[in-house]
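As provided, coords.cif (mmCIF, C-alpha atoms and all ligand atoms) reads as follows.
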```cif
data_query
loop_
_atom_site.label_atom_id
_atom_site.label_comp_id
_atom_site.auth_asym_id
_atom_site.auth_seq_id
_atom_site.Cartn_x
_atom_site.Cartn_y
_atom_site.Cartn_z
CA MET A 1 38.36 43.14 10.04
CA LYS A 2 37.38 40.40 12.44
CA ILE A 3 36.34 41.38 15.97
CA PHE A 4 37.30 39.11 18.84
CA LEU A 5 36.22 39.58 22.46
CA ASP A 6 39.11 39.86 24.89
CA THR A 7 37.51 38.23 27.91
CA GLY A 8 36.88 35.05 29.84
CA SER A 9 33.41 36.17 30.89
CA LEU A 10 30.70 33.80 29.65
CA LYS A 11 28.08 36.42 30.57
CA ASP A 12 29.64 39.06 28.32
CA ILE A 13 30.14 36.54 25.51
CA GLU A 14 26.51 35.38 25.78
CA THR A 15 25.35 39.00 25.57
CA LEU A 16 27.41 39.99 22.53
CA VAL A 17 27.48 36.83 20.36
CA PRO A 18 23.76 37.04 19.36
CA LEU A 19 24.49 40.45 17.76
CA GLY A 20 26.45 38.65 15.05
CA ILE A 21 29.58 40.77 15.36
CA VAL A 22 31.82 38.43 17.36
CA ASP A 23 34.23 36.33 15.29
CA GLY A 24 36.29 34.85 18.12
CA VAL A 25 37.61 35.25 21.66
CA THR A 26 41.01 35.77 23.24
CA THR A 27 41.78 34.87 26.84
CA ASN A 28 44.91 35.03 28.96
CA PRO A 29 45.76 33.86 32.50
CA SER A 30 44.91 37.29 33.96
CA LEU A 31 41.46 37.32 32.33
CA MET A 32 40.77 33.70 33.34
CA ALA A 33 41.77 34.49 36.96
CA LYS A 34 38.80 36.89 37.13
CA GLU A 35 36.35 34.02 36.43
CA SER A 36 35.25 31.26 38.79
CA GLY A 37 35.36 27.64 37.71
CA ASP A 38 37.76 25.33 35.90
CA PRO A 39 39.51 27.36 33.17
CA LYS A 40 39.45 24.41 30.75
CA GLN A 41 35.69 24.00 31.14
CA ILE A 42 35.24 27.73 30.62
CA ILE A 43 37.29 27.55 27.41
CA LYS A 44 35.09 24.67 26.21
CA LYS A 45 31.92 26.66 26.90
CA ILE A 46 33.34 29.74 25.15
CA CYS A 47 34.08 27.61 22.07
CA GLN A 48 30.53 26.27 22.04
CA LEU A 49 29.13 29.80 22.23
CA VAL A 50 31.41 31.48 19.71
CA LYS A 51 32.06 28.69 17.18
CA GLY A 52 35.15 30.62 16.07
CA PRO A 53 38.81 30.88 17.11
CA VAL A 54 39.30 30.93 20.90
CA SER A 55 42.82 31.59 22.20
CA ALA A 56 43.83 29.70 25.35
CA GLU A 57 47.24 30.49 26.83
CA VAL A 58 49.82 28.02 28.13
CA ILE A 59 51.54 28.47 31.50
CA SER A 60 54.73 26.57 30.68
CA THR A 61 57.84 28.57 29.82
CA ASP A 62 59.88 25.79 28.19
CA ALA A 63 59.23 24.46 24.69
CA GLU A 64 58.53 20.90 25.82
CA GLY A 65 55.92 22.06 28.35
CA MET A 66 54.36 24.47 25.86
CA ILE A 67 54.02 21.69 23.29
CA ARG A 68 52.50 19.33 25.85
CA GLU A 69 50.04 21.95 27.09
CA GLY A 70 49.27 23.03 23.54
CA ARG A 71 48.40 19.48 22.52
CA GLU A 72 46.18 19.06 25.60
CA LEU A 73 44.36 22.37 25.13
CA SER A 74 43.78 21.63 21.45
CA THR A 75 41.78 18.53 22.38
CA LEU A 76 39.21 20.68 24.25
CA ASP A 77 37.57 21.90 21.04
CA GLU A 78 38.40 22.26 17.36
CA HIS A 79 38.25 26.07 17.75
CA VAL A 80 41.02 26.32 20.35
CA ILE A 81 44.07 28.36 19.33
CA ILE A 82 47.18 27.92 21.45
CA LYS A 83 48.50 31.17 22.83
CA LEU A 84 52.25 31.19 23.46
CA PRO A 85 54.11 34.06 25.18
CA PHE A 86 56.83 35.17 22.75
CA GLY A 87 60.41 33.96 23.30
CA LYS A 88 62.95 31.45 21.98
CA GLU A 89 61.16 28.54 23.67
CA ALA A 90 57.84 29.71 22.20
CA LEU A 91 59.37 29.83 18.71
CA LYS A 92 60.49 26.18 19.04
CA ALA A 93 57.06 25.19 20.39
CA CYS A 94 55.25 27.14 17.67
CA LYS A 95 57.19 25.38 14.92
CA ALA A 96 56.40 21.96 16.42
CA LEU A 97 52.71 22.71 16.98
CA ALA A 98 52.30 24.25 13.53
CA GLU A 99 53.79 21.08 12.00
CA GLU A 100 51.03 19.16 13.82
CA LYS A 101 48.44 21.58 12.33
CA ILE A 102 47.77 23.06 15.77
CA LYS A 103 47.25 26.82 15.38
CA VAL A 104 49.31 29.22 17.50
CA ASN A 105 48.65 32.82 18.55
CA MET A 106 52.01 34.34 19.52
CA THR A 107 51.31 36.82 22.29
CA LEU A 108 53.23 39.58 24.08
CA ILE A 109 54.50 40.97 20.75
CA PHE A 110 56.06 44.41 21.18
CA SER A 111 58.33 44.74 18.12
CA PRO A 112 58.23 44.07 14.37
CA THR A 113 61.15 41.62 14.68
CA GLN A 114 59.23 39.51 17.20
CA ALA A 115 56.30 39.40 14.75
CA LEU A 116 58.57 38.49 11.81
CA LEU A 117 60.20 35.63 13.75
CA SER A 118 56.78 34.32 14.80
CA ALA A 119 55.54 34.36 11.20
CA LYS A 120 58.64 32.47 10.08
CA VAL A 121 57.84 29.56 12.43
CA GLY A 122 54.23 29.33 11.27
CA ALA A 123 52.24 31.28 13.86
CA ALA A 124 48.61 31.59 12.75
CA TYR A 125 48.31 34.94 14.61
CA VAL A 126 50.62 37.48 16.21
CA SER A 127 49.22 39.64 19.01
CA PRO A 128 50.94 43.05 19.24
CA PHE A 129 49.93 44.82 22.49
CA ILE A 130 49.00 48.36 21.53
CA GLY A 131 47.65 49.80 24.79
CA ARG A 132 50.66 48.70 26.82
CA LEU A 133 52.95 50.48 24.31
CA ASP A 134 50.82 53.63 24.49
CA ASP A 135 51.08 53.38 28.30
CA ILE A 136 54.86 53.82 28.08
CA SER A 137 54.66 56.70 25.58
CA HIS A 138 55.26 54.63 22.42
CA GLU A 139 52.86 54.92 19.50
CA GLY A 140 51.32 51.43 19.58
CA MET A 141 49.71 51.77 16.16
CA ASP A 142 53.14 52.31 14.53
CA LEU A 143 53.84 48.70 15.41
CA ILE A 144 50.67 47.54 13.66
CA GLU A 145 51.59 49.51 10.54
CA ALA A 146 55.08 47.97 10.46
CA ILE A 147 53.85 44.40 10.93
CA VAL A 148 51.09 44.75 8.31
CA ASP A 149 53.72 46.07 5.85
CA ILE A 150 56.18 43.26 6.54
CA PHE A 151 53.59 40.49 6.27
CA GLN A 152 52.25 41.98 3.02
CA ASN A 153 55.78 42.30 1.53
CA TYR A 154 56.40 38.57 1.92
CA GLY A 155 52.89 37.16 1.74
CA PHE A 156 52.98 35.64 5.22
CA PRO A 157 49.61 34.05 6.01
CA THR A 158 50.02 34.98 9.70
CA GLU A 159 47.16 37.23 10.83
CA VAL A 160 47.79 40.49 12.67
CA LEU A 161 45.63 40.44 15.81
CA VAL A 162 45.59 43.84 17.48
CA ALA A 163 45.58 43.33 21.27
CA SER A 164 45.60 45.42 24.44
CA VAL A 165 42.92 47.63 22.94
CA ARG A 166 41.79 50.49 25.16
CA GLY A 167 38.99 52.20 23.21
CA PRO A 168 37.04 52.53 19.95
CA VAL A 169 39.70 54.80 18.41
CA HIS A 170 42.14 51.89 18.53
CA VAL A 171 39.59 49.78 16.64
CA VAL A 172 39.23 52.40 13.90
CA GLN A 173 43.00 52.82 13.59
CA ALA A 174 43.48 49.04 13.40
CA ALA A 175 40.87 48.77 10.64
CA ARG A 176 42.39 51.65 8.65
CA LEU A 177 45.79 49.97 8.80
CA GLY A 178 44.37 46.71 7.47
CA ALA A 179 44.82 44.57 10.59
CA ASP A 180 43.15 41.17 10.27
CA VAL A 181 41.66 41.05 13.76
CA CYS A 182 41.07 43.42 16.66
CA THR A 183 40.42 41.86 20.04
CA CYS A 184 38.37 44.13 22.26
CA PRO A 185 37.30 44.08 25.90
CA PRO A 186 33.47 43.95 26.05
CA SER A 187 33.43 47.57 27.31
CA VAL A 188 35.13 48.70 24.09
CA VAL A 189 32.59 46.82 21.95
CA GLU A 190 29.78 48.50 23.93
CA ALA A 191 31.40 51.90 23.29
CA MET A 192 31.48 51.17 19.54
CA PHE A 193 27.67 51.22 19.43
CA LYS A 194 27.22 54.57 21.09
CA HIS A 195 26.67 57.95 19.49
CA PRO A 196 24.62 60.71 21.17
CA LEU A 197 23.22 61.86 17.80
CA THR A 198 21.81 58.36 17.22
CA ASP A 199 19.99 58.55 20.58
CA ILE A 200 18.77 62.11 19.94
CA GLY A 201 17.69 61.19 16.40
CA LEU A 202 15.70 58.16 17.53
CA ALA A 203 13.97 60.12 20.33
CA LYS A 204 12.91 62.73 17.75
CA PHE A 205 11.63 60.10 15.28
CA LEU A 206 9.52 58.50 18.01
CA LYS A 207 8.20 61.84 19.27
CA ASP A 208 7.28 62.95 15.73
CA TYR A 209 5.57 59.61 15.13
CA GLU A 210 3.46 60.14 18.29
CA LYS A 211 2.54 63.64 17.04
CA SER A 212 1.49 62.28 13.66
CA GLN A 213 -0.62 59.55 15.34
CA ALA A 214 -2.40 62.18 17.46
CA LYS A 215 -3.60 63.82 14.23
CA VAL A 216 -5.03 60.56 12.83
C1 LIG B 1 44.95 39.69 24.15
O1 LIG B 1 45.20 38.70 23.55
C2 LIG B 1 45.71 40.17 25.33
O2 LIG B 1 45.79 39.17 26.26
C3 LIG B 1 45.07 41.41 25.91
O3 LIG B 1 44.57 42.20 24.86
C4 LIG B 1 45.95 42.19 26.85
O4 LIG B 1 45.33 43.41 27.15
P1 LIG B 1 45.75 44.33 28.38
O5 LIG B 1 47.02 45.05 28.02
O6 LIG B 1 44.61 45.27 28.55
O7 LIG B 1 45.96 43.42 29.56
#
```
Would you mind giving the structure from this file in structure tokens?
Ligand code: E4P
Amino acid sequence: MKIFLDTGSLKDIETLVPLGIVDGVTTNPSLMAKESGDPKQIIKKICQLVKGPVSAEVISTDAEGMIREGRELSTLDEHVIIKLPFGKEALKACKALAEEKIKVNMTLIFSPTQALLSAKVGAAYVSPFIGRLDDISHEGMDLIEAIVDIFQNYGFPTEVLVASVRGPVHVVQAARLGADVCTCPPSVVEAMFKHPLTDIGLAKFLKDYEKSQAKV
């Protein structure tokens, strides 16, 4: 399963990319609003750092505007993926952009039918929002299971990108269900490293090494 960082923070991306575990980045207008500077320049810098798929979201809500913005954003870097908020206008825009070989990540997916429709118009990724479903007492991971099943049944090449991830358990569940990608806030990636027994074990190894050296 590929791991994307769900952030617009260059600092966090610079910290985590050298570890070799980051396959891409997803951004959205809310994440970009937390950063200072021109969003397009930030997207360019993220692409240079990650050298993998980087989702940049359009602001337009009509198909014509989405297509125009999508074309513009795609000129920033070869790694840019155009993120469209799901809807009828986004389906039209996705079809047009896909025909131009511009990759689309259909976002704000909350049902299997929305994912199916997005796959039919050539979306490269669908982004089901798991945490926001959990927040309203729905089992977010049921949606991932359904979409993975549907895409496998028909051989859709569209990748299932698990979004709105709240913790490492979501990452494990996504991987067990065979999701293609899990996009994680940097804090979730940090949590994936941690285990108290690893820390305790290392402290003991080092202490025992010191003891053995004292005998030499
Ligand atoms: C990713 O593509 C989404 O923009 C993001 O995961 C949304 O997460 P949130 O529900 O924590 O805002």
Can you build me a table of chain A residues sitting at most 8 Å from ligand LIG 1 (chain B), with the closest atom pair per residue and its distance in Å to one decimal, using all atoms listed in the file, sorted by chain and residue number, as a Markdown table?
```
| residue | atom | partner | partner_atom | distance |
| --- | --- | --- | --- | --- |
| A:Asp6 | CA | B:LIG1 | C1 | 5.9 |
| A:Thr26 | CA | B:LIG1 | O1 | 5.1 |
| A:Thr27 | CA | B:LIG1 | O2 | 5.9 |
| A:Asn28 | CA | B:LIG1 | O2 | 5.0 |
| A:Ser30 | CA | B:LIG1 | O7 | 7.6 |
| A:Leu31 | CA | B:LIG1 | O2 | 7.7 |
| A:Ser55 | CA | B:LIG1 | O1 | 7.6 |
| A:Thr107 | CA | B:LIG1 | O1 | 6.5 |
| A:Leu108 | CA | B:LIG1 | C2 | 7.6 |
| A:Ser127 | CA | B:LIG1 | O1 | 6.1 |
| A:Phe129 | CA | B:LIG1 | O5 | 6.3 |
| A:Ile130 | CA | B:LIG1 | O5 | 7.5 |
| A:Gly131 | CA | B:LIG1 | O5 | 5.8 |
| A:Arg132 | CA | B:LIG1 | O5 | 5.3 |
| A:Leu161 | CA | B:LIG1 | O1 | 7.9 |
| A:Val162 | CA | B:LIG1 | O3 | 7.6 |
| A:Ala163 | CA | B:LIG1 | O3 | 3.9 |
| A:Ser164 | CA | B:LIG1 | O4 | 3.4 |
| A:Val165 | CA | B:LIG1 | O3 | 6.0 |
| A:Arg166 | CA | B:LIG1 | O6 | 6.8 |
| A:Thr183 | CA | B:LIG1 | O3 | 6.4 |
| A:Cys184 | CA | B:LIG1 | O3 | 7.0 |
| A:Pro185 | CA | B:LIG1 | O3 | 7.6 |
```
Just give me the gap between CA of Ile46 in chain A and CA of Ser118 in chain A in Å, one decimal is fine. 26.0 Å
Give me the residues near range 7-14 of chain A as number ranges by chain, where near means some atom within 12 Å (using only C-alpha atoms) and where sequence neighbours in that chain fewer than 4 positions away do not count. A: 18-51, 54-57, 163-165, 183-190
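One distance worth recording is that between CA of Glu145 in chain A and CA of Leu91 in chain A, which is 22.7 Å.
Separating CA of Arg176 in chain A from CA of Tyr154 in chain A is a distance of 20.3 Å.
For the choices A:Ala63, A:Leu84, A:Val172, A:Leu177, the atom-to-atom distance to Ile3 in chain A is smallest for A:Val172 when using all atoms listed in the file.
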Range 92-207 of chain A residues near range 76-80 of chain A within 10 Å, closest pair each, using only C-alpha atoms, as a tab-separated table:
```
residue	atom	partner	partner_atom	distance
A:Ile102	CA	A:Val80	CA	8.8
A:Lys103	CA	A:Val80	CA	8.0
A:Val104	CA	A:Val80	CA	9.2
```
Could you list as a ChimeraX atom specification every residue that has an atom within 12 Å of (59.5, 35.6, 14.0), using the file's coordinates and counting all atoms listed in the file? /A:86-88,90-92,94-95,106-107,109-126,147,150-151,156,158
Please fill the gaps in range 162-173 of chain A so it has all heavy atoms, and write that as an mmCIF file, in the coordinates of the input.
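Generated output (out.cif):
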```cif
data_model
loop_
_atom_site.group_PDB
_atom_site.id
_atom_site.type_symbol
_atom_site.label_atom_id
_atom_site.label_comp_id
_atom_site.auth_asym_id
_atom_site.auth_seq_id
_atom_site.Cartn_x
_atom_site.Cartn_y
_atom_site.Cartn_z
ATOM 1 N N VAL A 162 45.303 42.673 16.647
ATOM 2 C CA VAL A 162 45.590 43.840 17.480
ATOM 3 C C VAL A 162 45.050 43.594 18.892
ATOM 4 O O VAL A 162 43.856 43.343 19.064
ATOM 5 C CB VAL A 162 44.974 45.116 16.873
ATOM 6 C CG1 VAL A 162 45.254 46.331 17.754
ATOM 7 C CG2 VAL A 162 45.521 45.333 15.461
ATOM 8 N N ALA A 163 45.957 43.641 19.879
ATOM 9 C CA ALA A 163 45.580 43.330 21.270
ATOM 10 C C ALA A 163 45.890 44.496 22.186
ATOM 11 O O ALA A 163 46.507 45.478 21.768
ATOM 12 C CB ALA A 163 46.326 42.075 21.723
ATOM 13 N N SER A 164 45.429 44.347 23.437
ATOM 14 C CA SER A 164 45.600 45.420 24.440
ATOM 15 C C SER A 164 44.945 46.705 23.935
ATOM 16 O O SER A 164 45.535 47.777 23.945
ATOM 17 C CB SER A 164 47.096 45.620 24.723
ATOM 18 O OG SER A 164 47.298 46.504 25.788
ATOM 19 N N VAL A 165 43.707 46.520 23.516
ATOM 20 C CA VAL A 165 42.920 47.630 22.940
ATOM 21 C C VAL A 165 42.221 48.372 24.075
ATOM 22 O O VAL A 165 41.631 47.756 24.956
ATOM 23 C CB VAL A 165 41.909 47.030 21.930
ATOM 24 C CG1 VAL A 165 40.809 48.005 21.594
ATOM 25 C CG2 VAL A 165 42.651 46.590 20.673
ATOM 26 N N ARG A 166 42.322 49.686 24.046
ATOM 27 C CA ARG A 166 41.790 50.490 25.160
ATOM 28 C C ARG A 166 40.499 51.251 24.839
ATOM 29 O O ARG A 166 39.832 51.739 25.735
ATOM 30 C CB ARG A 166 42.831 51.507 25.611
ATOM 31 C CG ARG A 166 44.154 50.915 26.037
ATOM 32 C CD ARG A 166 44.083 50.385 27.462
ATOM 33 N NE ARG A 166 45.418 50.210 28.004
ATOM 34 C CZ ARG A 166 45.987 49.034 28.234
ATOM 35 N NH1 ARG A 166 45.329 47.921 27.981
ATOM 36 N NH2 ARG A 166 47.198 48.975 28.723
ATOM 37 N N GLY A 167 40.192 51.426 23.542
ATOM 38 C CA GLY A 167 38.990 52.200 23.210
ATOM 39 C C GLY A 167 38.653 52.089 21.733
ATOM 40 O O GLY A 167 39.425 51.529 20.949
ATOM 41 N N PRO A 168 37.486 52.641 21.344
ATOM 42 C CA PRO A 168 37.040 52.530 19.950
ATOM 43 C C PRO A 168 37.988 53.168 18.937
ATOM 44 O O PRO A 168 38.037 52.725 17.790
ATOM 45 C CB PRO A 168 35.691 53.251 19.927
ATOM 46 C CG PRO A 168 35.343 53.572 21.316
ATOM 47 C CD PRO A 168 36.514 53.344 22.196
ATOM 48 N N VAL A 169 38.759 54.171 19.350
ATOM 49 C CA VAL A 169 39.700 54.800 18.410
ATOM 50 C C VAL A 169 40.762 53.782 17.973
ATOM 51 O O VAL A 169 41.157 53.731 16.800
ATOM 52 C CB VAL A 169 40.337 56.072 19.011
ATOM 53 C CG1 VAL A 169 41.432 56.625 18.107
ATOM 54 C CG2 VAL A 169 39.264 57.138 19.243
ATOM 55 N N HIS A 170 41.195 52.957 18.891
ATOM 56 C CA HIS A 170 42.140 51.890 18.530
ATOM 57 C C HIS A 170 41.541 50.968 17.457
ATOM 58 O O HIS A 170 42.234 50.526 16.550
ATOM 59 C CB HIS A 170 42.495 51.046 19.760
ATOM 60 C CG HIS A 170 43.631 51.588 20.577
ATOM 61 N ND1 HIS A 170 43.854 51.220 21.882
ATOM 62 C CD2 HIS A 170 44.615 52.472 20.278
ATOM 63 C CE1 HIS A 170 44.932 51.847 22.348
ATOM 64 N NE2 HIS A 170 45.403 52.616 21.393
ATOM 65 N N VAL A 171 40.250 50.687 17.602
ATOM 66 C CA VAL A 171 39.590 49.780 16.640
ATOM 67 C C VAL A 171 39.590 50.417 15.252
ATOM 68 O O VAL A 171 39.908 49.763 14.249
ATOM 69 C CB VAL A 171 38.139 49.450 17.087
ATOM 70 C CG1 VAL A 171 37.491 48.461 16.123
ATOM 71 C CG2 VAL A 171 38.119 48.911 18.510
ATOM 72 N N VAL A 172 39.258 51.683 15.197
ATOM 73 C CA VAL A 172 39.230 52.400 13.900
ATOM 74 C C VAL A 172 40.631 52.438 13.294
ATOM 75 O O VAL A 172 40.815 52.147 12.102
ATOM 76 C CB VAL A 172 38.688 53.843 14.099
ATOM 77 C CG1 VAL A 172 38.785 54.630 12.803
ATOM 78 C CG2 VAL A 172 37.244 53.803 14.584
ATOM 79 N N GLN A 173 41.628 52.755 14.109
ATOM 80 C CA GLN A 173 43.000 52.820 13.590
ATOM 81 C C GLN A 173 43.451 51.450 13.085
ATOM 82 O O GLN A 173 44.075 51.349 12.025
ATOM 83 C CB GLN A 173 43.956 53.298 14.696
ATOM 84 C CG GLN A 173 43.758 54.762 15.053
ATOM 85 C CD GLN A 173 44.555 55.171 16.291
ATOM 86 O OE1 GLN A 173 44.705 54.398 17.242
ATOM 87 N NE2 GLN A 173 45.052 56.390 16.273
#
```
